[in-house]
>>> print(open('model.txt').read())   # compact mmCIF, C-alpha atoms and all ligand atoms
# COMPACT_ATOMS: atom_id res chain seq x y z
CA MET A 23 80.88 10.45 -17.15
CA THR A 24 77.87 8.47 -18.44
CA GLN A 25 76.53 5.33 -16.82
CA TYR A 26 78.01 3.38 -19.72
CA ASP A 27 81.46 4.96 -19.23
CA SER A 28 81.36 3.91 -15.61
CA ALA A 29 80.21 0.39 -16.51
CA ARG A 30 82.94 0.08 -19.15
CA ASP A 31 85.55 0.96 -16.51
CA GLN A 32 84.18 -1.55 -14.03
CA PHE A 33 84.22 -4.40 -16.56
CA ALA A 34 87.65 -3.31 -17.80
CA GLN A 35 89.02 -3.83 -14.29
CA TRP A 36 88.26 -7.52 -14.83
CA GLY A 37 89.80 -7.51 -18.27
CA VAL A 38 86.43 -7.45 -20.07
CA ASP A 39 85.98 -5.20 -23.12
CA THR A 40 82.35 -4.02 -23.20
CA ASP A 41 82.64 -2.43 -26.66
CA ALA A 42 83.86 -5.73 -28.10
CA ALA A 43 80.95 -7.53 -26.41
CA LEU A 44 78.45 -5.05 -27.91
CA ALA A 45 79.99 -5.46 -31.36
CA GLN A 46 79.71 -9.23 -31.08
CA LEU A 47 76.13 -9.10 -29.81
CA ALA A 48 75.15 -6.93 -32.78
CA LYS A 49 76.17 -9.76 -35.10
CA ILE A 50 73.89 -12.38 -33.52
CA ALA A 51 70.62 -12.73 -35.40
CA ILE A 52 67.74 -14.30 -33.51
CA SER A 53 65.11 -16.15 -35.54
CA VAL A 54 61.79 -14.73 -34.30
CA HIS A 55 58.89 -17.17 -34.73
CA CYS A 56 55.83 -15.94 -36.62
CA TRP A 57 53.44 -18.11 -34.62
CA GLN A 58 53.56 -15.99 -31.43
CA GLY A 59 51.62 -13.34 -33.37
CA ASP A 60 48.39 -15.28 -33.93
CA ASP A 61 48.35 -18.19 -31.47
CA VAL A 62 49.71 -20.71 -34.04
CA ARG A 63 46.63 -20.41 -36.28
CA GLY A 64 48.16 -19.58 -39.67
CA PHE A 65 46.31 -18.45 -42.79
CA GLU A 66 45.11 -21.60 -44.48
CA ARG A 67 41.39 -20.87 -44.32
CA ARG A 68 40.67 -24.54 -43.91
CA THR A 69 41.56 -25.51 -40.34
CA GLY A 70 40.73 -24.20 -36.90
CA SER A 71 42.80 -25.27 -33.96
CA SER A 72 46.48 -26.12 -33.91
CA GLY A 73 46.25 -29.77 -32.93
CA GLY A 74 49.35 -31.88 -32.47
CA GLY A 75 49.38 -31.08 -28.78
CA ILE A 76 50.23 -27.45 -29.48
CA GLN A 77 48.01 -25.10 -27.58
CA ALA A 78 48.10 -21.36 -27.06
CA THR A 79 46.03 -20.33 -24.08
CA GLY A 80 44.41 -16.94 -23.63
CA ASP A 81 42.32 -14.55 -25.65
CA HIS A 82 44.08 -11.22 -25.40
CA PRO A 83 42.50 -8.72 -27.81
CA GLY A 84 44.22 -7.68 -31.01
CA ARG A 85 45.39 -10.97 -32.54
CA ALA A 86 46.72 -10.63 -36.08
CA ARG A 87 44.09 -12.10 -38.43
CA THR A 88 45.76 -11.63 -41.79
CA PRO A 89 49.31 -11.75 -43.18
CA ASP A 90 49.28 -7.94 -43.46
CA GLU A 91 48.34 -7.57 -39.79
CA LEU A 92 50.99 -10.09 -38.79
CA ARG A 93 53.65 -8.25 -40.79
CA ALA A 94 52.59 -4.92 -39.26
CA ASP A 95 52.95 -6.42 -35.78
CA LEU A 96 56.32 -7.90 -36.66
CA GLU A 97 57.58 -4.59 -38.02
CA PHE A 98 56.58 -2.89 -34.81
CA ALA A 99 58.16 -5.66 -32.68
CA PHE A 100 61.43 -5.66 -34.66
CA GLY A 101 61.55 -1.89 -34.12
CA GLN A 102 61.77 -2.50 -30.36
CA ILE A 103 64.53 -5.12 -30.61
CA PRO A 104 68.11 -3.96 -31.11
CA GLY A 105 70.00 -5.44 -34.08
CA GLN A 106 69.07 -7.18 -37.31
CA HIS A 107 67.19 -10.47 -37.01
CA ARG A 108 65.31 -13.20 -38.88
CA LEU A 109 61.73 -14.35 -39.21
CA ASN A 110 60.84 -18.01 -38.76
CA LEU A 111 57.80 -18.87 -40.89
CA HIS A 112 55.62 -21.98 -40.73
CA ALA A 113 54.19 -23.40 -43.94
CA CYS A 114 50.63 -22.75 -42.73
CA TYR A 115 51.37 -18.99 -42.88
CA LEU A 116 51.16 -18.89 -46.68
CA ASP A 117 49.99 -15.62 -48.21
CA THR A 118 48.04 -16.25 -51.39
CA ASP A 119 44.55 -16.06 -52.87
CA GLN A 120 44.79 -19.72 -53.80
CA THR A 121 43.94 -22.59 -51.47
CA PRO A 122 46.69 -25.14 -52.09
CA GLU A 123 46.75 -28.38 -50.13
CA ARG A 124 49.86 -28.95 -48.05
CA ASP A 125 51.24 -31.27 -50.73
CA GLU A 126 50.75 -28.57 -53.38
CA LEU A 127 52.63 -25.69 -51.77
CA ASP A 128 55.38 -23.86 -53.59
CA LEU A 129 57.43 -20.69 -53.22
CA SER A 130 54.86 -18.57 -55.07
CA HIS A 131 52.50 -18.98 -52.11
CA PHE A 132 55.03 -17.12 -49.97
CA THR A 133 56.05 -14.34 -52.37
CA PRO A 134 54.68 -11.49 -50.19
CA TRP A 135 56.74 -12.78 -47.26
CA VAL A 136 59.93 -12.92 -49.32
CA ASP A 137 59.37 -9.42 -50.71
CA TRP A 138 58.64 -8.06 -47.28
CA ALA A 139 61.67 -9.77 -45.74
CA ARG A 140 63.89 -8.29 -48.45
CA ASP A 141 62.50 -4.80 -47.77
CA GLN A 142 63.03 -5.23 -44.05
CA GLY A 143 66.54 -6.69 -44.41
CA LEU A 144 65.46 -9.88 -42.66
CA GLY A 145 66.53 -13.46 -43.32
CA LEU A 146 63.80 -16.12 -43.37
CA ASP A 147 63.69 -19.57 -41.81
CA PHE A 148 61.01 -22.14 -42.54
CA ASN A 149 59.09 -25.10 -41.12
CA PRO A 150 56.84 -27.69 -42.76
CA THR A 151 53.53 -27.82 -40.87
CA PHE A 152 52.74 -31.40 -39.86
CA PHE A 153 49.81 -30.47 -37.58
CA ALA A 154 46.41 -28.73 -37.73
CA HIS A 155 45.28 -30.90 -40.61
CA ALA A 156 42.81 -33.76 -41.07
CA LYS A 157 45.64 -36.04 -42.18
CA ALA A 158 47.38 -35.40 -38.83
CA ASP A 159 44.33 -36.07 -36.66
CA ASP A 160 45.62 -39.52 -35.61
CA ASN A 161 48.73 -37.82 -34.20
CA LEU A 162 50.65 -39.77 -36.83
CA THR A 163 52.06 -38.26 -40.03
CA LEU A 164 55.40 -39.46 -41.43
CA SER A 165 55.15 -42.59 -39.29
CA HIS A 166 51.48 -43.34 -40.05
CA PRO A 167 50.79 -47.03 -40.86
CA ASP A 168 48.80 -45.85 -43.91
CA ALA A 169 51.24 -45.43 -46.82
CA GLY A 170 48.96 -42.89 -48.49
CA ILE A 171 49.10 -40.60 -45.48
CA ARG A 172 52.85 -40.99 -45.27
CA ASP A 173 53.16 -40.13 -48.97
CA PHE A 174 51.09 -36.99 -48.47
CA TRP A 175 53.36 -35.75 -45.69
CA VAL A 176 56.55 -36.75 -47.49
CA GLU A 177 55.44 -34.60 -50.43
CA HIS A 178 54.62 -31.73 -48.06
CA GLY A 179 58.09 -32.02 -46.55
CA ARG A 180 59.78 -32.11 -49.96
CA ARG A 181 57.94 -29.02 -51.09
CA CYS A 182 58.81 -27.18 -47.91
CA ARG A 183 62.50 -27.92 -48.43
CA ASP A 184 62.27 -26.39 -51.90
CA ILE A 185 60.44 -23.37 -50.51
CA ALA A 186 63.10 -22.89 -47.83
CA ALA A 187 65.84 -23.17 -50.46
CA GLY A 188 64.02 -20.64 -52.65
CA MET A 189 63.75 -18.22 -49.75
CA GLY A 190 67.42 -18.65 -48.90
CA ALA A 191 68.44 -18.08 -52.53
CA ALA A 192 66.17 -15.05 -52.91
CA LEU A 193 67.46 -13.39 -49.75
CA GLY A 194 71.09 -14.52 -49.94
CA SER A 195 70.89 -16.10 -46.50
CA SER A 196 70.68 -19.82 -45.68
CA ALA A 197 67.26 -20.74 -44.28
CA ALA A 198 66.91 -23.32 -41.52
CA ASN A 199 64.16 -25.77 -42.50
CA ASN A 200 63.06 -27.32 -39.22
CA ILE A 201 61.20 -30.62 -39.18
CA TRP A 202 58.99 -31.37 -36.21
CA VAL A 203 56.24 -33.97 -36.39
CA PRO A 204 53.73 -34.62 -33.60
CA ASP A 205 53.79 -38.40 -34.11
CA GLY A 206 53.21 -40.58 -31.09
CA TYR A 207 50.84 -42.73 -29.09
CA LYS A 208 48.64 -41.80 -26.15
CA ASP A 209 48.93 -45.23 -24.64
CA THR A 210 51.70 -47.79 -24.63
CA PRO A 211 52.32 -49.08 -28.15
CA ILE A 212 53.17 -52.65 -28.96
CA ASP A 213 55.56 -51.88 -31.80
CA ARG A 214 57.63 -48.74 -31.31
CA MET A 215 60.25 -50.10 -33.66
CA ALA A 216 57.84 -50.33 -36.61
CA ALA A 217 56.73 -46.72 -36.10
CA ARG A 218 60.32 -45.50 -35.85
CA ARG A 219 61.29 -47.44 -38.97
CA ARG A 220 58.40 -45.81 -40.84
CA LEU A 221 59.48 -42.36 -39.64
CA GLU A 222 63.05 -43.05 -40.70
CA GLN A 223 61.99 -44.25 -44.15
CA SER A 224 59.72 -41.25 -44.68
CA LEU A 225 62.49 -38.86 -43.65
CA ASP A 226 64.91 -40.64 -45.98
CA ARG A 227 62.51 -40.13 -48.90
CA MET A 228 61.75 -36.55 -47.93
CA LEU A 229 65.39 -35.56 -47.57
CA ALA A 230 66.74 -37.54 -50.54
CA ASP A 231 67.45 -34.51 -52.76
CA PRO A 232 70.61 -32.69 -51.71
CA LEU A 233 70.06 -28.93 -51.60
CA ASP A 234 72.70 -26.19 -51.44
CA PRO A 235 73.50 -25.44 -47.78
CA ALA A 236 74.11 -21.83 -48.79
CA HIS A 237 70.35 -21.71 -49.43
CA MET A 238 68.93 -24.03 -46.81
CA ARG A 239 69.77 -26.62 -44.18
CA ASP A 240 67.44 -29.16 -42.62
CA ALA A 241 67.08 -29.56 -38.88
CA VAL A 242 65.20 -32.25 -36.97
CA GLU A 243 63.45 -31.51 -33.66
CA SER A 244 62.80 -34.14 -31.02
CA LYS A 245 60.31 -34.06 -28.16
CA LEU A 246 59.92 -35.97 -24.91
CA PHE A 247 56.12 -36.06 -24.98
CA GLY A 248 53.09 -34.01 -25.90
CA ILE A 249 49.41 -33.84 -25.02
CA GLY A 250 47.84 -36.93 -26.57
CA VAL A 251 51.15 -38.71 -27.10
CA GLU A 252 52.10 -39.28 -23.47
CA ALA A 253 53.22 -42.91 -23.83
CA CYS A 254 55.51 -42.67 -26.83
CA THR A 255 56.89 -39.98 -29.09
CA ILE A 256 58.24 -41.54 -32.27
CA GLY A 257 60.72 -38.72 -32.92
CA SER A 258 62.41 -38.89 -29.54
CA HIS A 259 65.75 -37.29 -28.69
CA GLU A 260 67.70 -40.49 -29.23
CA PHE A 261 65.95 -41.10 -32.55
CA TYR A 262 66.77 -37.68 -33.96
CA MET A 263 70.22 -37.36 -32.46
CA GLY A 264 71.23 -40.58 -34.17
CA TYR A 265 69.49 -39.59 -37.39
CA ALA A 266 71.04 -36.11 -37.49
CA ILE A 267 74.51 -37.52 -36.94
CA ARG A 268 74.12 -40.23 -39.58
CA LYS A 269 72.65 -37.88 -42.17
CA GLY A 270 74.64 -34.71 -41.48
CA LEU A 271 71.61 -32.64 -40.45
CA MET A 272 71.26 -29.88 -37.91
CA LEU A 273 69.86 -31.02 -34.59
CA CYS A 274 67.18 -28.79 -33.09
CA LEU A 275 67.08 -28.64 -29.29
CA ASP A 276 63.87 -27.14 -27.93
CA MET A 277 64.19 -26.12 -24.28
CA GLY A 278 60.67 -27.40 -23.61
CA HIS A 279 61.21 -30.83 -25.09
CA PHE A 280 63.11 -32.58 -22.32
CA HIS A 281 62.42 -33.70 -18.79
CA PRO A 282 62.18 -30.58 -16.58
CA THR A 283 65.33 -31.53 -14.68
CA GLU A 284 67.42 -31.95 -17.84
CA SER A 285 69.63 -29.05 -18.89
CA VAL A 286 69.69 -28.11 -22.56
CA ALA A 287 72.74 -25.96 -21.76
CA ASP A 288 74.62 -29.08 -20.75
CA LYS A 289 73.66 -30.86 -23.97
CA LEU A 290 75.14 -28.23 -26.28
CA SER A 291 78.82 -29.14 -26.02
CA ALA A 292 77.96 -32.84 -25.94
CA VAL A 293 76.04 -32.89 -29.21
CA ALA A 294 78.27 -30.29 -30.86
CA LEU A 295 81.03 -32.89 -30.94
CA SER A 296 78.90 -34.97 -33.32
CA VAL A 297 76.82 -32.49 -35.37
CA ASP A 298 78.29 -29.53 -37.22
CA GLU A 299 75.38 -27.12 -36.66
CA LEU A 300 72.69 -26.77 -34.03
CA LEU A 301 69.31 -25.09 -34.03
CA LEU A 302 67.88 -23.87 -30.74
CA HIS A 303 64.26 -23.33 -29.86
CA VAL A 304 64.58 -21.09 -26.83
CA SER A 305 61.48 -21.46 -24.70
CA ARG A 306 60.33 -21.51 -21.08
CA PRO A 307 58.66 -24.74 -20.09
CA MET A 308 56.65 -24.56 -16.89
CA ARG A 309 56.19 -28.15 -15.62
CA TRP A 310 55.74 -29.23 -19.24
CA ASP A 311 56.27 -27.85 -22.76
CA SER A 312 54.09 -24.87 -21.91
CA ASP A 313 55.91 -22.43 -24.22
CA HIS A 314 55.87 -19.46 -21.86
CA VAL A 315 57.56 -16.25 -22.99
CA VAL A 316 61.33 -16.40 -22.48
CA THR A 317 62.49 -14.57 -19.37
CA LEU A 318 66.02 -13.90 -18.22
CA ASN A 319 66.02 -17.04 -16.08
CA ASP A 320 68.82 -19.38 -15.10
CA ASP A 321 68.14 -21.81 -17.95
CA VAL A 322 68.43 -19.16 -20.62
CA LEU A 323 71.50 -17.63 -18.98
CA ALA A 324 73.11 -21.08 -18.86
CA VAL A 325 72.38 -21.74 -22.55
CA ALA A 326 73.89 -18.38 -23.55
CA GLN A 327 76.93 -18.98 -21.37
CA GLU A 328 77.53 -22.38 -22.97
CA LEU A 329 77.19 -20.95 -26.48
CA VAL A 330 79.90 -18.43 -25.64
CA SER A 331 82.24 -20.58 -23.55
CA ALA A 332 82.08 -23.56 -25.90
CA GLY A 333 82.63 -21.33 -28.93
CA LEU A 334 79.33 -22.41 -30.48
CA LEU A 335 77.91 -19.07 -31.59
CA GLY A 336 79.23 -19.58 -35.10
CA ARG A 337 77.46 -22.89 -35.56
CA THR A 338 74.24 -22.46 -33.63
CA ARG A 339 71.13 -20.90 -35.14
CA ILE A 340 69.15 -19.35 -32.32
CA GLY A 341 65.38 -19.52 -32.74
CA LEU A 342 62.56 -18.83 -30.31
CA ASP A 343 59.52 -21.00 -29.63
CA PHE A 344 56.82 -19.69 -27.32
CA PHE A 345 53.24 -18.56 -27.68
CA ASP A 346 51.30 -16.76 -25.01
CA ALA A 347 47.86 -15.36 -25.82
CA THR A 348 47.19 -13.98 -22.33
CA ILE A 349 49.35 -10.89 -22.88
CA SER A 350 50.05 -8.51 -25.74
CA ARG A 351 51.42 -10.73 -28.51
CA THR A 352 53.76 -8.06 -29.82
CA ALA A 353 55.07 -7.41 -26.31
CA ALA A 354 55.66 -11.16 -25.94
CA TRP A 355 57.92 -11.16 -29.01
CA VAL A 356 59.80 -8.09 -27.80
CA ILE A 357 60.25 -9.33 -24.24
CA GLY A 358 61.35 -12.84 -25.25
CA THR A 359 63.78 -11.75 -27.95
CA ARG A 360 65.36 -9.03 -25.85
CA ASN A 361 65.79 -11.50 -23.00
CA MET A 362 67.66 -13.90 -25.25
CA GLN A 363 69.90 -11.00 -26.26
CA LYS A 364 70.40 -9.94 -22.65
CA ALA A 365 71.44 -13.49 -21.76
CA LEU A 366 73.96 -13.48 -24.60
CA LEU A 367 75.27 -10.08 -23.51
CA ARG A 368 75.82 -11.34 -19.96
CA ALA A 369 77.72 -14.31 -21.30
CA LEU A 370 79.84 -12.11 -23.58
CA LEU A 371 80.71 -9.91 -20.60
CA LEU A 372 82.13 -12.74 -18.48
CA PRO A 373 85.91 -12.92 -17.96
CA MET A 374 86.12 -16.27 -19.78
CA ASP A 375 89.92 -16.45 -19.84
CA GLN A 376 90.18 -15.94 -16.11
CA LEU A 377 87.40 -18.44 -15.40
CA ARG A 378 88.90 -21.04 -17.74
CA SER A 379 92.31 -20.65 -16.22
CA ALA A 380 90.91 -21.01 -12.68
CA GLU A 381 89.04 -24.16 -13.72
CA ASN A 382 92.03 -25.67 -15.47
CA GLY A 383 94.09 -25.03 -12.34
CA LEU A 384 91.38 -26.72 -10.23
CA ASP A 385 90.89 -23.40 -8.44
CA PHE A 386 87.13 -23.80 -8.09
CA THR A 387 87.03 -21.19 -5.33
CA THR A 388 88.16 -18.43 -7.67
CA ARG A 389 85.75 -19.69 -10.32
CA LEU A 390 82.87 -19.35 -7.85
CA ILE A 391 83.95 -16.00 -6.42
CA VAL A 392 84.31 -14.46 -9.87
CA THR A 393 80.97 -15.69 -11.21
CA GLU A 394 79.22 -14.50 -8.04
CA GLU A 395 80.96 -11.09 -7.96
CA PHE A 396 79.93 -10.62 -11.55
CA HIS A 397 76.27 -10.65 -10.58
CA ASP A 398 76.89 -7.20 -9.06
CA LEU A 399 78.35 -5.60 -12.17
CA PRO A 400 76.27 -3.04 -14.13
CA PHE A 401 75.02 -5.20 -17.01
CA GLY A 402 71.96 -2.95 -17.28
CA ALA A 403 74.06 0.08 -18.26
CA VAL A 404 75.76 -1.93 -21.01
CA TRP A 405 72.40 -3.17 -22.30
CA GLN A 406 71.04 0.40 -22.31
CA GLU A 407 74.03 1.49 -24.35
CA PHE A 408 73.30 -1.33 -26.82
CA CYS A 409 69.69 -0.16 -27.17
CA ALA A 410 70.78 3.46 -27.58
CA ARG A 411 73.30 2.55 -30.28
CA HIS A 412 70.54 0.70 -32.16
CA ASP A 413 67.98 3.43 -31.56
CA VAL A 414 65.45 1.28 -29.71
CA PRO A 415 63.65 2.28 -26.49
CA ASN A 416 64.18 1.01 -22.98
CA GLY A 417 62.38 1.03 -19.63
CA GLN A 418 59.42 3.46 -19.41
CA ALA A 419 59.69 4.40 -23.09
CA LEU A 420 59.56 0.73 -24.09
CA LEU A 421 56.57 0.13 -21.85
CA GLY A 422 54.75 3.19 -23.21
CA GLY A 423 55.35 2.20 -26.83
CA LEU A 424 54.26 -1.42 -26.33
CA ASP A 425 51.19 -0.31 -24.44
CA SER A 426 50.08 2.20 -27.03
CA TYR A 427 50.61 -0.27 -29.91
CA GLN A 428 48.59 -2.88 -28.06
CA ARG A 429 45.76 -0.43 -27.39
CA GLY A 430 45.70 0.42 -31.08
CA VAL A 431 45.41 -3.16 -32.31
CA ALA A 432 42.97 -4.09 -29.56
CA THR A 433 40.66 -1.29 -30.65
CA SER A 434 40.95 -1.58 -34.43
CA ARG A 435 40.84 -5.39 -34.64
CA ASN A 436 37.96 -5.89 -32.26
CA ALA A 437 35.76 -3.18 -33.71
C1 LIG B 1 55.13 -24.43 -34.04
C2 LIG B 1 56.43 -25.17 -33.86
O1 LIG B 1 56.79 -25.87 -34.97
C3 LIG B 1 56.35 -26.09 -32.70
O2 LIG B 1 56.26 -25.31 -31.55
C4 LIG B 1 57.50 -27.07 -32.54
O3 LIG B 1 58.72 -26.45 -32.78
C5 LIG B 1 57.41 -27.59 -31.18
O4 LIG B 1 58.20 -27.21 -30.36
C6 LIG B 1 56.32 -28.50 -30.84
O5 LIG B 1 56.24 -28.75 -29.48
MN MN B 2 60.01 -26.17 -30.90
>>> encode(input="model.txt", output="structure tokens", more="lines below")
Ligand SMILES: C[C@H](O)[C@H](O)[C@@H](O)C(=O)CO
Ligand SMILES: [Mn+2]
Amino acid sequence: MTQYDSARDQFAQWGVDTDAALAQLAKIAISVHCWQGDDVRGFERRTGSSGGGIQATGDHPGRARTPDELRADLEFAFGQIPGQHRLNLHACYLDTDQTPERDELDLSHFTPWVDWARDQGLGLDFNPTFFAHAKADDNLTLSHPDAGIRDFWVEHGRRCRDIAAGMGAALGSSAANNIWVPDGYKDTPIDRMAARRRLEQSLDRMLADPLDPAHMRDAVESKLFGIGVEACTIGSHEFYMGYAIRKGLMLCLDMGHFHPTESVADKLSAVALSVDELLLHVSRPMRWDSDHVVTLNDDVLAVAQELVSAGLLGRTRIGLDFFDATISRTAAWVIGTRNMQKALLRALLLPMDQLRSAENGLDFTTRLIVTEEFHDLPFGAVWQEFCARHDVPNGQALLGGLDSYQRGVATSRNA
């Protein structure tokens, strides 16, 4: 009897079908963010640091410096992650010999990415880049008081929507086009309303053209605060929740964009009653939006459990958002993505019917006993079976492979 056979029997005693859970997990695509691979620098050849309050700390050797290096790293990372996933690209990761301004971008500047994604069997998601640019240096873009600056960013946003739709059409898979702007004020503003009206009007103009949801859907991402915009973020949670509901957009919830005591898991069922689709940015904030690599912590487990228990897997696009430059960047992708999958697996292996029935009968004792007893069940053996079925390594073999890849890029890219 294998370890998996034994685990399957133990879960079956609670009425849980491990094979069904593994089949369901295999269908969940995670959108892996390109920006972990190069510390959110991108390939524009015109700007240096990220700006917009986004900061990757660390200088681990071996950072991808070109689109080809980034794709090589991604191919390696995807090879260590069970299942078929997606790549989330930012507009500043264009791959072209030209030097288009942000308001001149089109799909042709991303052709190598689309071709590569098709070869790899990956779907693509997209993001306009409203930071790391001279016209974003005031920490104001779509809500800037200067109409010319607003126009520039509206045009960037329009073009990015078309690019996302082109990617979705080319790959036969709807791309999420996620809109996050850094806009805000360091110190207390006198007229928040004017700034929010300007943001709303810019978004209205940017999103005016209806695009086929089979090719792309827009999401809007709020934030509590960022470095340099401590007093007021124009695109706050309330602003975007209202806007997404009124306009029929996806709402993006980033786990680092709320007060540390707020639970994104708790928000899922609440907002899902008012928006038809959600986008998640799974992250690990440490005291602030620090974007640490996702671990299998309580917050991530709670989010996964809510997605399963509230029946939201079918209308939630799961993306990642972290960037750590103090460790191997490829390992960071692999660790964070696998942890999201492990959290989903744990949720799929819970005896939901029994727990629901205990809760509905106000039997909170049984609910607590069952969830606590489940901590002792052999989730690890089920995860190992998942990795084996998808031909990806685990444990020592995973460590050895990540280590040798990292040594290779550290040597060749720092020579
Ligand atoms: C690079 C991303 O667009 C960015 O991280 C955004 O999603 C965010 O979370 C900003 O804090
Ligand atoms: Mn985010």
>>> residues_around(input="model.txt", residues="segment 178-182 of chain A", least_positions_apart="3", cutoff="8 Å", atoms="all atoms listed in the file", output="PyMOL selection string")
chain A and resi 113+124-128+148-150+174-175+185-186+199+228-229
>>> residues_around(input="model.txt", residues="Gly248 of chain A", least_positions_apart="3", cutoff="12 Å", atoms="only C-alpha atoms", output="PyMOL selection string")
chain A and resi 73-77+161+203-208+244-245+251-258+278-281+310-312
>>> atom_distance(input="model.txt", atom1="atom CA of Val293 of chain A", atom2="atom CA of Thr359 of chain A")
24.5 Å
>>> residues_near_ligand(input="model.txt", ligand="ligand MN 2 (chain B)", cutoff="9 Å", atoms="only C-alpha atoms and all ligand atoms", output="list of chain:residue names")
A:Asn200, A:Trp202, A:Glu243, A:Ser244, A:Lys245, A:Cys274, A:Leu275, A:Asp276, A:Met277, A:Gly278, A:His279, A:Leu302, A:His303, A:Val304, A:Ser305, A:Asp313, A:Gly341, A:Leu342, A:Asp343, A:Phe344
>>> closest_residue(input="model.txt", among="A:Asp159, A:Asp60, A:Glu91, A:Asp27", to="ligand LIG 1 (chain B)", atoms="all atoms listed in the file")
A:Asp60
>>> residues_around(input="model.txt", residues="Ala324 of chain A", least_positions_apart="6", cutoff="10 Å", atoms="all atoms listed in the file", output="number ranges by chain")
A: 285-288, 330, 365-366, 369
>>> closest_residue(input="model.txt", among="A:Arg219, A:His397, A:Arg140, A:Lys364", to="Ala192 of chain A", atoms="all atoms listed in the file")
A:Arg140
>>> residues_near_point(input="model.txt", point="(49.7, -21.7, -36.0)", cutoff="8 Å", atoms="all atoms listed in the file", output="PDB file with C-alpha atoms, in the coordinates of the input")
ATOM      1  CA  TRP A  57      53.440 -18.110 -34.620  1.00  0.00           C
ATOM      2  CA  ASP A  60      48.390 -15.280 -33.930  1.00  0.00           C
ATOM      3  CA  ASP A  61      48.350 -18.190 -31.470  1.00  0.00           C
ATOM      4  CA  VAL A  62      49.710 -20.710 -34.040  1.00  0.00           C
ATOM      5  CA  ARG A  63      46.630 -20.410 -36.280  1.00  0.00           C
ATOM      6  CA  GLY A  64      48.160 -19.580 -39.670  1.00  0.00           C
ATOM      7  CA  SER A  72      46.480 -26.120 -33.910  1.00  0.00           C
ATOM      8  CA  HIS A 112      55.620 -21.980 -40.730  1.00  0.00           C
ATOM      9  CA  CYS A 114      50.630 -22.750 -42.730  1.00  0.00           C
ATOM     10  CA  TYR A 115      51.370 -18.990 -42.880  1.00  0.00           C
ATOM     11  CA  ALA A 154      46.410 -28.730 -37.730  1.00  0.00           C
TER      12      ALA A 154
END
>>> closest_atom_pairs(input="model.txt", of="segment 90-134 of chain A", to="segment 409-433 of chain A", cutoff="9 Å", atoms="all atoms listed in the file", output="CSV")
residue,atom,partner,partner_atom,distance
A:Asp95,CA,A:Tyr427,CA,8.8
A:Phe98,CA,A:Tyr427,CA,8.2
A:Ala99,CA,A:Leu424,CA,8.6
A:Gly101,CA,A:Val414,CA,6.7
A:Gln102,CA,A:Val414,CA,5.3
A:Ile103,CA,A:Val414,CA,6.5
A:Pro104,CA,A:His412,CA,5.4
A:Gly105,CA,A:His412,CA,6.5
>>> closest_residue(input="model.txt", among="A:Leu225, A:Leu233, A:Leu370, A:Val54", to="Trp405 of chain A", atoms="only C-alpha atoms")
A:Leu370
>>> closest_residue(input="model.txt", among="A:Gln35, A:Thr24, A:Thr151, A:Gln120", to="ligand LIG 1 (chain B)", atoms="all atoms listed in the file")
A:Thr151
>>> closest_residue(input="model.txt", among="A:Arg368, A:Leu377, A:Ala241, A:Thr388", to="Phe401 of chain A", atoms="only C-alpha atoms")
A:Arg368
>>> residues_near_point(input="model.txt", point="(69.2, -34.2, -43.0)", cutoff="12 Å", atoms="all atoms listed in the file", output="PyMOL selection string")
chain A and resi 179-180+183+198-201+222+224-233+235+238-243+262-274+297-299
>>> closest_residue(input="model.txt", among="A:Arg30, A:Ala48, A:Ala169, A:Ile249", to="ligand LIG 1 (chain B)", atoms="only C-alpha atoms and all ligand atoms")
A:Ile249
>>> decode(input="model.txt", residues="segment 253-276 of chain A", atoms="C-alpha atoms", output="PDB file, in the first residue's frame")
ATOM      1  CA  ALA A 253      -2.901  60.288   3.633  1.00  0.00           C
ATOM      2  CA  CYS A 254      -5.218  59.424   0.774  1.00  0.00           C
ATOM      3  CA  THR A 255      -5.454  56.811  -1.947  1.00  0.00           C
ATOM      4  CA  ILE A 256      -7.859  57.978  -4.640  1.00  0.00           C
ATOM      5  CA  GLY A 257      -8.734  54.435  -5.752  1.00  0.00           C
ATOM      6  CA  SER A 258      -9.762  53.185  -2.329  1.00  0.00           C
ATOM      7  CA  HIS A 259     -11.739  50.002  -1.679  1.00  0.00           C
ATOM      8  CA  GLU A 260     -15.044  51.824  -1.410  1.00  0.00           C
ATOM      9  CA  PHE A 261     -14.345  53.766  -4.605  1.00  0.00           C
ATOM     10  CA  TYR A 262     -13.616  50.674  -6.676  1.00  0.00           C
ATOM     11  CA  MET A 263     -16.204  48.424  -5.113  1.00  0.00           C
ATOM     12  CA  GLY A 264     -18.891  50.928  -6.025  1.00  0.00           C
ATOM     13  CA  TYR A 265     -17.408  51.488  -9.464  1.00  0.00           C
ATOM     14  CA  ALA A 266     -17.079  47.765 -10.244  1.00  0.00           C
ATOM     15  CA  ILE A 267     -20.673  47.130  -9.212  1.00  0.00           C
ATOM     16  CA  ARG A 268     -22.043  50.058 -11.229  1.00  0.00           C
ATOM     17  CA  LYS A 269     -20.035  49.216 -14.339  1.00  0.00           C
ATOM     18  CA  GLY A 270     -20.121  45.418 -14.242  1.00  0.00           C
ATOM     19  CA  LEU A 271     -16.355  45.015 -13.846  1.00  0.00           C
ATOM     20  CA  MET A 272     -14.331  42.434 -11.987  1.00  0.00           C
ATOM     21  CA  LEU A 273     -13.162  43.571  -8.577  1.00  0.00           C
ATOM     22  CA  CYS A 274      -9.550  42.781  -7.739  1.00  0.00           C
ATOM     23  CA  LEU A 275      -8.809  42.097  -4.074  1.00  0.00           C
ATOM     24  CA  ASP A 276      -5.107  42.215  -3.237  1.00  0.00           C
TER      25      ASP A 276
END
